[in-house]
$ cat run.txt   # compact mmCIF, C-alpha atoms (C1' of nucleotides)
# COMPACT_ATOMS: atom_id res chain seq x y z
CA MET A 63 101.37 165.19 102.56
CA SER A 64 101.44 163.18 105.77
CA ASP A 65 102.54 160.31 103.56
CA SER A 66 105.06 162.22 101.48
CA LYS A 67 108.14 160.46 100.27
CA ALA A 68 110.40 161.83 102.99
CA ARG A 69 108.16 160.59 105.77
CA ARG A 70 107.92 157.03 104.56
CA LEU A 71 110.16 154.16 105.57
CA GLN A 72 112.05 152.87 102.57
CA HIS A 73 114.54 150.45 104.08
CA ARG A 74 113.72 147.03 105.39
CA ASN A 75 113.91 146.58 109.15
CA LEU A 76 117.46 145.25 109.42
CA PRO A 77 117.49 144.64 113.19
CA LEU A 78 114.32 142.60 112.75
CA LEU A 79 115.81 140.62 109.87
CA LEU A 80 118.83 139.76 112.00
CA LEU A 81 116.56 138.80 114.87
CA GLN A 82 114.51 136.52 112.62
CA ALA A 83 117.67 134.93 111.24
CA ARG A 84 118.89 134.29 114.75
CA GLU A 85 115.54 132.78 115.69
CA ARG A 86 115.67 130.41 112.72
CA VAL A 87 119.11 129.23 113.72
CA ILE A 88 118.66 128.97 117.46
CA SER A 89 115.36 127.14 117.17
CA HIS A 90 117.39 124.12 116.10
CA PHE A 91 119.50 124.28 119.25
CA ARG A 92 116.78 125.10 121.76
CA PRO A 93 115.71 121.48 122.32
CA ILE A 94 119.28 120.62 123.32
CA LEU A 95 119.40 123.44 125.86
CA ASN A 96 115.92 122.70 127.19
CA SER A 97 116.69 119.03 127.73
CA ARG A 98 119.44 120.16 130.12
CA GLY A 99 117.42 122.92 131.73
CA ILE A 100 119.95 125.55 130.73
CA THR A 101 118.97 128.90 129.23
CA GLU A 102 120.37 130.52 126.11
CA GLN A 103 122.18 133.17 128.10
CA GLN A 104 123.66 130.64 130.49
CA TRP A 105 124.92 128.60 127.56
CA ARG A 106 126.52 131.65 125.96
CA ILE A 107 128.40 132.29 129.18
CA VAL A 108 129.49 128.68 129.50
CA ARG A 109 130.78 128.70 125.95
CA VAL A 110 133.00 131.75 126.36
CA LEU A 111 134.30 130.58 129.73
CA LEU A 112 135.30 127.24 128.23
CA GLU A 113 138.06 129.04 126.35
CA VAL A 114 139.72 130.82 129.29
CA PRO A 115 140.37 130.20 132.98
CA ALA A 116 138.33 133.20 134.16
CA LEU A 117 136.67 136.42 133.05
CA GLU A 118 135.21 139.49 134.72
CA PRO A 119 131.45 140.09 134.46
CA ARG A 120 132.03 143.15 132.31
CA GLN A 121 134.09 141.12 129.84
CA ILE A 122 131.51 138.35 129.76
CA GLY A 123 128.84 140.92 129.10
CA GLU A 124 130.68 142.29 126.09
CA LEU A 125 131.41 138.86 124.66
CA CYS A 126 127.92 137.49 125.27
CA ALA A 127 125.89 140.62 124.61
CA ILE A 128 124.41 140.62 128.09
CA SER A 129 123.96 143.91 129.91
CA SER A 130 125.34 144.50 133.36
CA PRO A 131 121.97 144.46 135.14
CA SER A 132 120.99 141.20 133.48
CA MET A 133 124.38 139.75 134.24
CA ALA A 134 123.89 140.16 137.99
CA GLY A 135 120.87 137.87 138.02
CA VAL A 136 122.21 135.38 135.52
CA LEU A 137 125.49 134.91 137.40
CA GLU A 138 123.62 134.67 140.69
CA ARG A 139 121.39 131.86 139.40
CA MET A 140 124.27 130.07 137.72
CA GLU A 141 126.28 130.20 140.92
CA GLN A 142 123.31 128.82 142.84
CA ALA A 143 123.05 126.01 140.30
CA GLY A 144 126.72 125.19 140.79
CA TYR A 145 127.68 126.14 137.24
CA LEU A 146 130.29 128.74 138.20
CA THR A 147 132.23 130.42 140.98
CA ARG A 148 132.85 134.10 141.71
CA ARG A 149 135.74 135.61 143.62
CA ARG A 150 137.04 139.14 144.21
CA VAL A 151 140.23 140.22 142.52
CA GLU A 152 143.00 140.60 145.14
CA HIS A 153 144.38 144.02 144.29
CA ASP A 154 141.11 145.58 143.16
CA GLN A 155 138.14 144.87 145.36
CA ARG A 156 135.72 146.31 142.80
CA ARG A 157 136.37 143.58 140.32
CA VAL A 158 135.18 139.97 140.26
CA LEU A 159 136.48 136.90 138.48
CA VAL A 160 134.09 134.26 137.21
CA SER A 161 135.10 130.68 136.41
CA LEU A 162 133.33 127.51 135.37
CA THR A 163 132.99 124.56 137.72
CA ARG A 164 133.60 120.92 137.03
CA LYS A 165 129.85 120.50 136.77
CA SER A 166 129.41 123.02 133.97
CA ARG A 167 132.46 121.74 132.09
CA ARG A 168 131.00 118.26 132.24
CA LEU A 169 127.67 119.58 131.04
CA ALA A 170 129.31 121.30 128.08
CA ALA A 171 131.21 118.14 127.20
CA GLU A 172 127.97 116.16 127.24
CA MET A 173 126.17 118.68 125.06
CA ALA A 174 128.99 119.23 122.59
CA PRO A 175 128.25 116.22 120.34
CA GLU A 176 124.62 117.23 119.85
CA ILE A 177 125.54 120.86 119.30
CA GLU A 178 128.15 119.97 116.73
CA ALA A 179 125.84 117.55 114.98
CA THR A 180 123.28 120.31 114.68
CA TYR A 181 125.84 122.66 113.16
CA ARG A 182 126.73 119.99 110.61
CA ARG A 183 123.07 119.59 109.70
CA LEU A 184 122.69 123.34 109.33
CA GLU A 185 125.69 123.46 107.02
CA GLU A 186 124.22 120.68 104.97
CA THR A 187 121.00 122.63 104.65
CA LEU A 188 122.58 125.97 103.85
CA GLY A 189 125.72 124.83 102.12
CA ALA A 190 129.30 125.14 103.30
CA GLU A 191 129.97 128.07 101.03
CA PHE A 192 127.05 130.02 102.42
CA SER A 193 128.20 129.34 105.97
CA ASN A 194 131.67 130.64 105.23
CA GLN A 195 130.32 133.72 103.51
CA LEU A 196 127.97 134.42 106.38
CA HIS A 197 130.77 134.30 108.91
CA SER A 198 132.92 136.51 106.69
CA MET A 199 130.17 139.08 106.40
CA LEU A 200 129.49 139.10 110.12
CA ASP A 201 133.20 139.57 110.84
CA TYR A 202 133.32 142.41 108.34
CA LEU A 203 130.34 144.01 110.04
CA PHE A 204 132.00 143.73 113.45
CA GLU A 205 135.12 145.33 112.02
CA LYS A 206 133.42 148.23 110.30
CA LEU A 207 130.44 148.99 112.49
CA PRO A 208 131.13 150.27 116.01
CA VAL A 209 128.73 149.67 118.87
CA LEU A 210 127.13 153.04 119.45
CA GLU A 211 126.90 153.39 123.21
CA THR A 212 124.96 156.27 124.67
CA PRO A 213 127.22 157.95 127.23
CA PRO A 214 125.74 158.01 130.74
CA ALA A 215 124.44 161.31 132.05
CA PRO A 216 126.88 162.96 134.54
CA ALA A 217 124.88 161.78 137.59
CA ALA A 218 123.73 164.50 139.99
CA ALA A 219 125.46 164.76 143.36
CA VAL A 220 123.23 163.04 145.92
CA ASP A 221 123.61 162.28 149.61
CA ARG A 222 124.91 158.66 149.50
CA SER A 223 124.16 157.39 153.02
CA GLU A 224 122.99 154.05 154.47
CA ARG A 225 122.32 151.42 151.80
CA ARG A 226 122.48 147.68 151.60
CA SER A 227 126.00 146.28 151.42
CA ARG A 228 127.32 144.25 148.54
CA ARG A 229 127.26 140.51 148.58
CA LEU A 230 130.27 138.28 147.93
CA MET B 142 139.39 111.97 127.75
CA SER B 143 136.85 114.38 129.14
CA ASP B 144 138.31 116.83 126.62
CA SER B 145 138.47 114.46 123.69
CA LYS B 146 137.91 115.78 120.22
CA ALA B 147 134.29 114.63 120.01
CA ARG B 148 133.33 116.44 123.19
CA ARG B 149 134.75 119.79 122.20
CA LEU B 150 132.85 122.61 120.49
CA GLN B 151 134.36 123.31 117.10
CA HIS B 152 131.90 125.73 115.54
CA ARG B 153 131.55 129.36 116.47
CA ASN B 154 128.38 130.32 118.32
CA LEU B 155 126.25 131.42 115.36
CA PRO B 156 123.18 132.55 117.33
CA LEU B 157 125.49 134.73 119.40
CA LEU B 158 127.17 136.17 116.30
CA LEU B 159 123.78 137.09 114.88
CA LEU B 160 122.77 138.61 118.19
CA GLN B 161 125.94 140.70 118.30
CA ALA B 162 125.42 141.83 114.72
CA ARG B 163 121.90 142.88 115.55
CA GLU B 164 123.13 144.76 118.60
CA ARG B 165 125.69 146.67 116.52
CA VAL B 166 123.01 147.71 114.09
CA ILE B 167 120.21 148.54 116.46
CA SER B 168 122.44 150.55 118.77
CA HIS B 169 122.40 153.21 116.08
CA PHE B 170 118.61 153.34 116.11
CA ARG B 171 118.02 153.10 119.84
CA PRO B 172 118.42 156.84 120.53
CA ILE B 173 115.64 157.56 118.02
CA LEU B 174 113.28 155.13 119.73
CA ASN B 175 114.20 156.31 123.22
CA SER B 176 113.60 159.94 122.35
CA ARG B 177 109.99 158.97 121.56
CA GLY B 178 109.62 156.61 124.52
CA ILE B 179 108.81 153.69 122.27
CA THR B 180 110.35 150.24 122.72
CA GLU B 181 112.01 148.10 120.09
CA GLN B 182 109.14 145.62 120.06
CA GLN B 183 106.53 148.33 119.81
CA TRP B 184 108.39 149.85 116.88
CA ARG B 185 108.58 146.50 115.11
CA ILE B 186 104.82 146.16 115.42
CA VAL B 187 104.20 149.69 114.18
CA ARG B 188 106.41 149.07 111.17
CA VAL B 189 104.60 145.95 110.00
CA LEU B 190 101.17 147.47 110.61
CA LEU B 191 102.09 150.49 108.49
CA GLU B 192 101.96 148.25 105.44
CA VAL B 193 98.49 146.75 105.93
CA PRO B 194 95.13 147.83 107.35
CA ALA B 195 95.09 145.20 110.10
CA LEU B 196 96.69 141.99 111.31
CA GLU B 197 95.91 139.32 113.87
CA PRO B 198 98.19 138.95 116.91
CA ARG B 199 99.41 135.60 115.67
CA GLN B 200 100.44 137.11 112.35
CA ILE B 201 102.15 140.02 114.04
CA GLY B 202 104.01 137.59 116.25
CA GLU B 203 105.35 135.68 113.27
CA LEU B 204 106.37 138.81 111.39
CA CYS B 205 107.93 140.53 114.40
CA ALA B 206 109.40 137.50 116.16
CA ILE B 207 107.36 138.10 119.29
CA SER B 208 105.87 135.14 121.13
CA SER B 209 102.23 134.92 122.03
CA PRO B 210 102.70 135.49 125.76
CA SER B 211 104.84 138.56 125.14
CA MET B 212 102.39 139.82 122.57
CA ALA B 213 99.55 139.98 125.09
CA GLY B 214 101.39 142.48 127.27
CA VAL B 215 102.87 144.49 124.43
CA LEU B 216 99.52 144.95 122.70
CA GLU B 217 97.87 145.80 126.01
CA ARG B 218 100.39 148.57 126.73
CA MET B 219 100.29 149.87 123.18
CA GLU B 220 96.51 150.04 123.31
CA GLN B 221 96.71 151.90 126.62
CA ALA B 222 99.15 154.33 125.04
CA GLY B 223 96.75 154.93 122.17
CA TYR B 224 99.05 153.42 119.56
CA LEU B 225 96.60 150.80 118.32
CA THR B 226 93.10 149.38 118.49
CA ARG B 227 91.87 145.81 118.88
CA ARG B 228 88.57 144.38 117.76
CA ARG B 229 87.09 140.90 117.49
CA VAL B 230 86.57 139.32 114.08
CA GLU B 231 82.85 139.11 113.34
CA HIS B 232 82.51 135.53 112.17
CA ASP B 233 85.18 134.03 114.41
CA GLN B 234 85.08 135.23 117.98
CA ARG B 235 88.44 133.65 118.76
CA ARG B 236 90.32 135.99 116.51
CA VAL B 237 91.33 139.62 116.98
CA LEU B 238 92.29 142.31 114.50
CA VAL B 239 94.88 144.92 115.41
CA SER B 240 95.24 148.26 113.65
CA LEU B 241 97.32 151.39 114.07
CA THR B 242 95.80 154.64 115.23
CA ARG B 243 96.29 158.10 113.83
CA LYS B 244 98.62 158.76 116.72
CA SER B 245 100.99 155.92 115.89
CA ARG B 246 100.92 156.70 112.16
CA ARG B 247 101.88 160.26 112.95
CA LEU B 248 104.65 159.03 115.23
CA ALA B 249 106.02 156.79 112.49
CA ALA B 250 105.90 159.62 110.00
CA GLU B 251 107.85 161.83 112.40
CA MET B 252 110.48 159.21 113.03
CA ALA B 253 110.89 158.09 109.42
CA PRO B 254 113.36 160.78 108.36
CA GLU B 255 115.74 160.01 111.23
CA ILE B 256 115.40 156.27 110.68
CA GLU B 257 116.10 156.60 106.99
CA ALA B 258 119.04 158.92 107.58
CA THR B 259 120.53 156.34 109.91
CA TYR B 260 120.16 153.61 107.29
CA ARG B 261 121.94 155.83 104.80
CA ARG B 262 124.80 156.37 107.25
CA LEU B 263 125.03 152.63 107.88
CA GLU B 264 125.22 151.94 104.17
CA GLU B 265 127.97 154.52 103.84
CA THR B 266 129.90 152.79 106.59
CA LEU B 267 129.39 149.26 105.33
CA GLY B 268 129.14 149.91 101.61
CA ALA B 269 126.12 149.49 99.38
CA GLU B 270 127.39 146.23 97.99
CA PHE B 271 127.74 144.71 101.44
CA SER B 272 124.24 145.80 102.35
CA ASN B 273 122.81 144.16 99.27
CA GLN B 274 124.74 140.96 99.87
CA LEU B 275 123.65 140.88 103.49
CA HIS B 276 119.99 141.14 102.55
CA SER B 277 120.45 138.47 99.90
CA MET B 278 122.03 136.09 102.35
CA LEU B 279 119.36 136.67 104.96
CA ASP B 280 116.65 136.02 102.37
CA TYR B 281 118.41 132.86 101.30
CA LEU B 282 118.57 131.74 104.93
CA PHE B 283 114.86 132.38 105.40
CA GLU B 284 114.15 130.36 102.28
CA LYS B 285 116.32 127.39 103.16
CA LEU B 286 116.13 127.17 106.92
CA PRO B 287 112.76 126.36 108.48
CA VAL B 288 111.80 127.54 111.94
CA LEU B 289 111.97 124.42 114.05
CA GLU B 290 108.99 124.63 116.35
CA THR B 291 108.64 122.17 119.17
CA PRO B 292 105.13 120.67 119.00
CA PRO B 293 103.12 121.23 122.20
CA ALA B 294 102.43 118.25 124.42
CA PRO B 295 98.85 116.86 124.02
CA ALA B 296 97.62 118.56 127.19
CA ALA B 297 96.18 116.32 129.91
CA ALA B 298 92.44 116.46 130.57
CA VAL B 299 91.87 118.69 133.61
CA ASP B 300 88.80 120.02 135.34
CA ARG B 301 88.35 123.43 133.58
CA SER B 302 86.00 125.25 135.95
CA GLU B 303 85.73 128.87 137.13
CA ARG B 304 88.45 131.14 135.72
CA ARG B 305 88.75 134.78 134.86
CA SER B 306 86.96 135.79 131.66
CA ARG B 307 88.66 137.28 128.61
CA ARG B 308 88.90 140.98 128.15
CA LEU B 309 87.86 142.84 124.98
C1' DA C 75 145.43 163.09 153.44
C1' DT C 76 141.31 164.73 150.89
C1' DT C 77 138.78 165.43 147.09
C1' DT C 78 137.39 164.42 142.57
C1' DG C 79 136.43 161.57 138.77
C1' DA C 80 136.25 157.22 136.82
C1' DT C 81 135.35 152.30 137.16
C1' DT C 82 132.92 148.15 138.52
C1' DA C 83 129.27 145.57 140.05
C1' DC C 84 125.09 146.16 141.64
C1' DT C 85 119.78 147.46 142.73
C1' DA C 86 115.06 149.11 141.40
C1' DA C 87 111.23 149.49 138.31
C1' DT C 88 109.28 148.19 134.39
C1' DA C 89 108.95 145.69 129.85
C1' DT C 90 109.71 141.59 127.43
C1' DG C 91 111.14 136.48 126.67
C1' DT C 92 110.18 131.55 127.57
C1' DG C 93 107.72 127.31 128.76
C1' DA C 94 103.61 125.42 130.37
C1' DG C 95 99.05 125.47 130.64
C1' DT C 96 94.01 127.48 130.15
C1' DA C 97 89.49 129.74 128.41
C1' DT C 98 86.89 130.28 124.56
C1' DG C 99 85.39 129.42 120.14
C1' DT C 100 85.24 126.76 115.62
C1' DC C 101 84.51 122.82 112.97
C1' DA C 102 84.23 118.17 111.38
C1' DA C 103 83.04 113.47 112.62
C1' DC C 104 79.89 110.94 114.76
C1' DG D 38 73.15 117.81 118.28
C1' DT D 39 77.03 116.29 120.91
C1' DT D 40 81.69 115.12 121.14
C1' DG D 41 86.34 115.86 120.45
C1' DA D 42 90.28 117.70 117.95
C1' DC D 43 92.03 121.93 116.91
C1' DA D 44 92.93 126.99 116.73
C1' DT D 45 93.48 131.45 118.99
C1' DA D 46 94.39 134.53 122.46
C1' DC D 47 95.32 134.44 126.91
C1' DT D 48 97.36 133.66 131.94
C1' DC D 49 101.01 132.26 135.17
C1' DA D 50 105.75 131.71 136.92
C1' DC D 51 109.95 132.66 136.15
C1' DA D 52 114.29 134.45 133.54
C1' DT D 53 116.11 138.16 131.11
C1' DA D 54 116.30 143.11 128.90
C1' DT D 55 116.27 148.02 129.51
C1' DT D 56 116.87 152.45 131.69
C1' DA D 57 118.21 154.94 135.49
C1' DG D 58 120.68 155.33 139.36
C1' DT D 59 123.66 153.67 143.57
C1' DA D 60 127.57 151.56 146.63
C1' DA D 61 132.13 150.49 146.92
C1' DT D 62 136.48 151.10 145.33
C1' DC D 63 140.47 152.87 143.02
C1' DA D 64 143.58 156.36 141.16
C1' DA D 65 145.19 160.73 140.29
C1' DA D 66 145.03 165.66 141.27
C1' DT D 67 144.86 168.62 144.78

$ encode --input "run.txt" --output "structure tokens"
Amino acid sequence: MSDSKARRLQHRNLPLLLLQARERVISHFRPILNSRGITEQQWRIVRVLLEVPALEPRQIGELCAISSPSMAGVLERMEQAGYLTRRRVEHDQRRVLVSLTRKSRRLAAEMAPEIEATYRRLEETLGAEFSNQLHSMLDYLFEKLPVLETPPAPAAAVDRSERRSRRL
Amino acid sequence: MSDSKARRLQHRNLPLLLLQARERVISHFRPILNSRGITEQQWRIVRVLLEVPALEPRQIGELCAISSPSMAGVLERMEQAGYLTRRRVEHDQRRVLVSLTRKSRRLAAEMAPEIEATYRRLEETLGAEFSNQLHSMLDYLFEKLPVLETPPAPAAAVDRSERRSRRL
DNA sequence: ATTTGATTACTAATATGTGAGTATGTCAAC
DNA sequence: GTTGACATACTCACATATTAGTAATCAAAT
């Protein structure tokens, strides 16, 4: 009874399967990142910022699948390392704009050949047709499946007095 | 020149795409896990241990994509919470066997209906055919693409004196 | 002008990920 | 039987993830 049909898990663990697939793929790139001392998250951010002059942290977070709390630390360390710059938006002091530096653009340019070579090897291993199909299926998934975000609780009214001020 | 064709990234960021896909999927399950106060990693471990009487940490790590250092803490907390038990293998004192408890089996049984209902909703959204194709492609990827593991450096000979002893 | 609600980036506490290295135990070669 | 390579679980330092909640700001309704 405690093992009746309704109480048993029938489906495979899809989030785990996707995680394993990602691990298989990224394991081939990790040596390239490690040799430059750059983390996976930092590289994701560099890659998206290569395409545009600047982005806000919130936008980067959506594109790179990095949550806001993580983003704070990552951006801080990347700024320390000279990989990017942050500045307040003129007309809206809440917002921040993040841009790459010459240093990080140079780094990306240096890494690009190895990265691309690895992608070519992967496509040789998996087949070009498979690669295309995989991308098609992922795009379809993004189109059909919304990100289910739990709405934040309405936040109780608290005193809001002396706290540390914001940096930047 | 610094932006020449060879130094530019042509391929889409596949590890990121897989990460985003996983995030889309798991966001639909997260509320179920949160309502029970169980983490994603803990749930992965419970799921694989449901299928067998016991597994070693190393095996769990491979199945659940959890590294050895992470595993130590996760297992420790799960044992504290009464979700599993650890015991040494008789004939090989290096190895450990991990099993679920009645408590965690009951938890899984309680969650199963909601988990399964969510999978059914996902398949409605994406289509049964897509789901099948996705699983096929992931299996193909697992078959063709090896996990590239960086071999550990040969470890220099150091003094090895007084250190903390192992627990359990 | 003040209040209210929403937005944005952030902090805090805890759990997990990653890379390097270590303690202990096993086993085969010597 | 001791040595040395190896295997297994572990520790440490640090980076990131997750959940909850806060500070500062903006905008619209009062």

$ closest_residue --input "run.txt" --among "A:Val151, A:Arg86, A:Gln121, A:Glu102" --to "DT62 in chain D" --atoms "only C-alpha atoms (C1' of nucleotides)"
A:Val151

$ atom_distance --input "run.txt" --atom1 "C1' of DA60 in chain D" --atom2 "CA of Ala116 in chain A"
24.7 Å

$ interface_residues --input "run.txt" --of "chain D" --to "chain B" --cutoff "9 Å" --atoms "all atoms listed in the file" --output "list in words"
DA44, DT45, DA46, DC47 and DT48 of chain D

$ atom_distance --input "run.txt" --atom1 "CA of Arg148 in chain A" --atom2 "CA of Ser161 in chain A"
6.7 Å

$ calpha_fit_and_write --input "run.txt" --fixed "chain A" --moving "chain B" --output "short mmCIF file (atom, residue, chain, number, x, y, z; two decimals) with C-alpha atoms, in the coordinates of the input"
data_model
loop_
_atom_site.label_atom_id
_atom_site.label_comp_id
_atom_site.auth_asym_id
_atom_site.auth_seq_id
_atom_site.Cartn_x
_atom_site.Cartn_y
_atom_site.Cartn_z
CA MET B 142 101.40 165.24 102.69
CA SER B 143 101.50 163.26 105.89
CA ASP B 144 102.56 160.37 103.65
CA SER B 145 105.06 162.27 101.56
CA LYS B 146 108.12 160.51 100.30
CA ALA B 147 110.43 161.88 102.99
CA ARG B 148 108.22 160.63 105.79
CA ARG B 149 107.97 157.07 104.56
CA LEU B 150 110.23 154.18 105.58
CA GLN B 151 112.11 152.89 102.57
CA HIS B 152 114.59 150.46 104.08
CA ARG B 153 113.74 147.04 105.40
CA ASN B 154 113.94 146.60 109.16
CA LEU B 155 117.49 145.24 109.44
CA PRO B 156 117.51 144.64 113.21
CA LEU B 157 114.34 142.62 112.76
CA LEU B 158 115.82 140.62 109.88
CA LEU B 159 118.83 139.76 112.01
CA LEU B 160 116.57 138.82 114.89
CA GLN B 161 114.52 136.53 112.64
CA ALA B 162 117.67 134.94 111.26
CA ARG B 163 118.90 134.29 114.76
CA GLU B 164 115.55 132.78 115.70
CA ARG B 165 115.66 130.40 112.72
CA VAL B 166 119.09 129.23 113.73
CA ILE B 167 118.66 128.96 117.46
CA SER B 168 115.35 127.15 117.19
CA HIS B 169 117.37 124.13 116.12
CA PHE B 170 119.48 124.29 119.27
CA ARG B 171 116.77 125.11 121.77
CA PRO B 172 115.69 121.49 122.36
CA ILE B 173 119.26 120.63 123.36
CA LEU B 174 119.38 123.45 125.90
CA ASN B 175 115.90 122.72 127.24
CA SER B 176 116.67 119.06 127.77
CA ARG B 177 119.44 120.17 130.16
CA GLY B 178 117.40 122.96 131.76
CA ILE B 179 119.93 125.57 130.77
CA THR B 180 118.96 128.93 129.26
CA GLU B 181 120.35 130.53 126.13
CA GLN B 182 122.19 133.19 128.12
CA GLN B 183 123.66 130.67 130.52
CA TRP B 184 124.89 128.61 127.59
CA ARG B 185 126.50 131.65 125.98
CA ILE B 186 128.40 132.31 129.19
CA VAL B 187 129.49 128.69 129.52
CA ARG B 188 130.76 128.70 125.95
CA VAL B 189 132.99 131.75 126.35
CA LEU B 190 134.31 130.59 129.72
CA LEU B 191 135.30 127.24 128.23
CA GLU B 192 138.05 129.01 126.33
CA VAL B 193 139.72 130.82 129.24
CA PRO B 194 140.37 130.21 132.94
CA ALA B 195 138.34 133.21 134.11
CA LEU B 196 136.69 136.43 133.00
CA GLU B 197 135.24 139.50 134.68
CA PRO B 198 131.48 140.13 134.43
CA ARG B 199 132.07 143.17 132.26
CA GLN B 200 134.10 141.12 129.80
CA ILE B 201 131.52 138.36 129.74
CA GLY B 202 128.84 140.94 129.08
CA GLU B 203 130.68 142.30 126.07
CA LEU B 204 131.40 138.86 124.64
CA CYS B 205 127.92 137.48 125.26
CA ALA B 206 125.88 140.62 124.59
CA ILE B 207 124.41 140.63 128.08
CA SER B 208 123.97 143.93 129.90
CA SER B 209 125.31 144.55 133.35
CA PRO B 210 121.93 144.49 135.11
CA SER B 211 120.99 141.21 133.45
CA MET B 212 124.39 139.78 134.22
CA ALA B 213 123.91 140.20 137.97
CA GLY B 214 120.89 137.91 138.02
CA VAL B 215 122.23 135.40 135.52
CA LEU B 216 125.51 134.95 137.39
CA GLU B 217 123.65 134.71 140.69
CA ARG B 218 121.42 131.90 139.41
CA MET B 219 124.29 130.11 137.72
CA GLU B 220 126.31 130.24 140.92
CA GLN B 221 123.33 128.87 142.85
CA ALA B 222 123.06 126.06 140.32
CA GLY B 223 126.73 125.23 140.80
CA TYR B 224 127.69 126.17 137.25
CA LEU B 225 130.30 128.76 138.21
CA THR B 226 132.25 130.45 140.97
CA ARG B 227 132.90 134.12 141.69
CA ARG B 228 135.80 135.62 143.58
CA ARG B 229 137.12 139.12 144.15
CA VAL B 230 140.34 140.22 142.47
CA GLU B 231 143.07 140.60 145.08
CA HIS B 232 144.50 143.99 144.21
CA ASP B 233 141.27 145.59 143.03
CA GLN B 234 138.30 144.94 145.26
CA ARG B 235 135.88 146.36 142.70
CA ARG B 236 136.49 143.58 140.25
CA VAL B 237 135.25 139.99 140.20
CA LEU B 238 136.53 136.91 138.43
CA VAL B 239 134.12 134.27 137.17
CA SER B 240 135.10 130.69 136.38
CA LEU B 241 133.34 127.51 135.35
CA THR B 242 132.99 124.59 137.71
CA ARG B 243 133.59 120.93 137.03
CA LYS B 244 129.85 120.53 136.80
CA SER B 245 129.42 123.03 133.99
CA ARG B 246 132.46 121.73 132.10
CA ARG B 247 130.99 118.26 132.26
CA LEU B 248 127.65 119.59 131.07
CA ALA B 249 129.30 121.31 128.11
CA ALA B 250 131.19 118.16 127.24
CA GLU B 251 127.95 116.18 127.28
CA MET B 252 126.15 118.66 125.09
CA ALA B 253 128.97 119.21 122.60
CA PRO B 254 128.23 116.22 120.37
CA GLU B 255 124.59 117.22 119.89
CA ILE B 256 125.53 120.86 119.33
CA GLU B 257 128.14 119.94 116.76
CA ALA B 258 125.81 117.52 115.01
CA THR B 259 123.26 120.29 114.70
CA TYR B 260 125.83 122.63 113.16
CA ARG B 261 126.70 119.95 110.65
CA ARG B 262 123.03 119.56 109.73
CA LEU B 263 122.67 123.32 109.35
CA GLU B 264 125.66 123.45 107.05
CA GLU B 265 124.18 120.65 104.97
CA THR B 266 120.96 122.61 104.66
CA LEU B 267 122.56 125.95 103.88
CA GLY B 268 125.71 124.79 102.12
CA ALA B 269 129.28 125.11 103.31
CA GLU B 270 129.96 128.03 101.04
CA PHE B 271 127.04 130.00 102.44
CA SER B 272 128.19 129.32 105.97
CA ASN B 273 131.65 130.60 105.21
CA GLN B 274 130.32 133.70 103.50
CA LEU B 275 127.97 134.38 106.38
CA HIS B 276 130.79 134.26 108.90
CA SER B 277 132.91 136.48 106.68
CA MET B 278 130.19 139.06 106.40
CA LEU B 279 129.51 139.07 110.11
CA ASP B 280 133.22 139.54 110.82
CA TYR B 281 133.35 142.37 108.33
CA LEU B 282 130.37 143.99 110.04
CA PHE B 283 132.03 143.70 113.44
CA GLU B 284 135.15 145.30 112.01
CA LYS B 285 133.43 148.19 110.29
CA LEU B 286 130.47 148.97 112.49
CA PRO B 287 131.15 150.24 116.00
CA VAL B 288 128.76 149.65 118.87
CA LEU B 289 127.18 153.02 119.45
CA GLU B 290 126.95 153.37 123.19
CA THR B 291 125.03 156.23 124.68
CA PRO B 292 127.27 157.95 127.26
CA PRO B 293 125.73 158.01 130.76
CA ALA B 294 124.53 161.33 132.12
CA PRO B 295 126.99 162.91 134.64
CA ALA B 296 124.95 161.78 137.65
CA ALA B 297 123.70 164.49 140.01
CA ALA B 298 125.26 164.73 143.47
CA VAL B 299 122.91 163.01 145.93
CA ASP B 300 123.12 162.18 149.60
CA ARG B 301 124.56 158.59 149.49
CA SER B 302 123.80 157.32 152.98
CA GLU B 303 122.70 153.93 154.38
CA ARG B 304 122.14 151.29 151.69
CA ARG B 305 122.40 147.55 151.49
CA SER B 306 125.96 146.22 151.34
CA ARG B 307 127.39 144.18 148.47
CA ARG B 308 127.34 140.45 148.55
CA LEU B 309 130.39 138.23 147.92
#

$ atom_distance --input "run.txt" --atom1 "CA of Leu289 in chain B" --atom2 "CA of Leu216 in chain B"
25.5 Å

$ closest_atom_pairs --input "run.txt" --of "chain A" --to "chain B" --cutoff "6 Å" --atoms "only C-alpha atoms" --output "tab-separated table"
residue	atom	partner	partner_atom	distance
A:Arg69	CA	B:Ala250	CA	4.9
A:Arg70	CA	B:Ala253	CA	5.8
A:Leu71	CA	B:Ala253	CA	5.5
A:Pro77	CA	B:Arg163	CA	5.3
A:Leu80	CA	B:Arg163	CA	5.6
A:Arg84	CA	B:Pro156	CA	5.3
A:Arg86	CA	B:Val288	CA	4.9
A:Ile88	CA	B:Pro156	CA	5.8
A:Ser89	CA	B:Leu289	CA	5.4
A:His90	CA	B:Leu289	CA	5.8
A:Ala171	CA	B:Arg148	CA	4.8
A:Ala174	CA	B:Arg148	CA	5.2
A:Pro175	CA	B:Arg148	CA	5.8
A:Val209	CA	B:Arg165	CA	4.9
A:Leu210	CA	B:Ser168	CA	5.4

$ closest_residue --input "run.txt" --among "B:Leu225, B:Leu238, B:Val193, B:Met219" --to "chain C" --atoms "all atoms listed in the file"
B:Met219

$ interface_residues --input "run.txt" --of "chain C" --to "chain A" --cutoff "9 Å" --atoms "all atoms listed in the file" --output "PyMOL selection string"
chain C and resi 81-85

$ closest_residue --input "run.txt" --among "B:Ala258, B:Gln183, B:Gly202, B:Glu265" --to "Tyr224 in chain B" --atoms "only C-alpha atoms"
B:Gln183
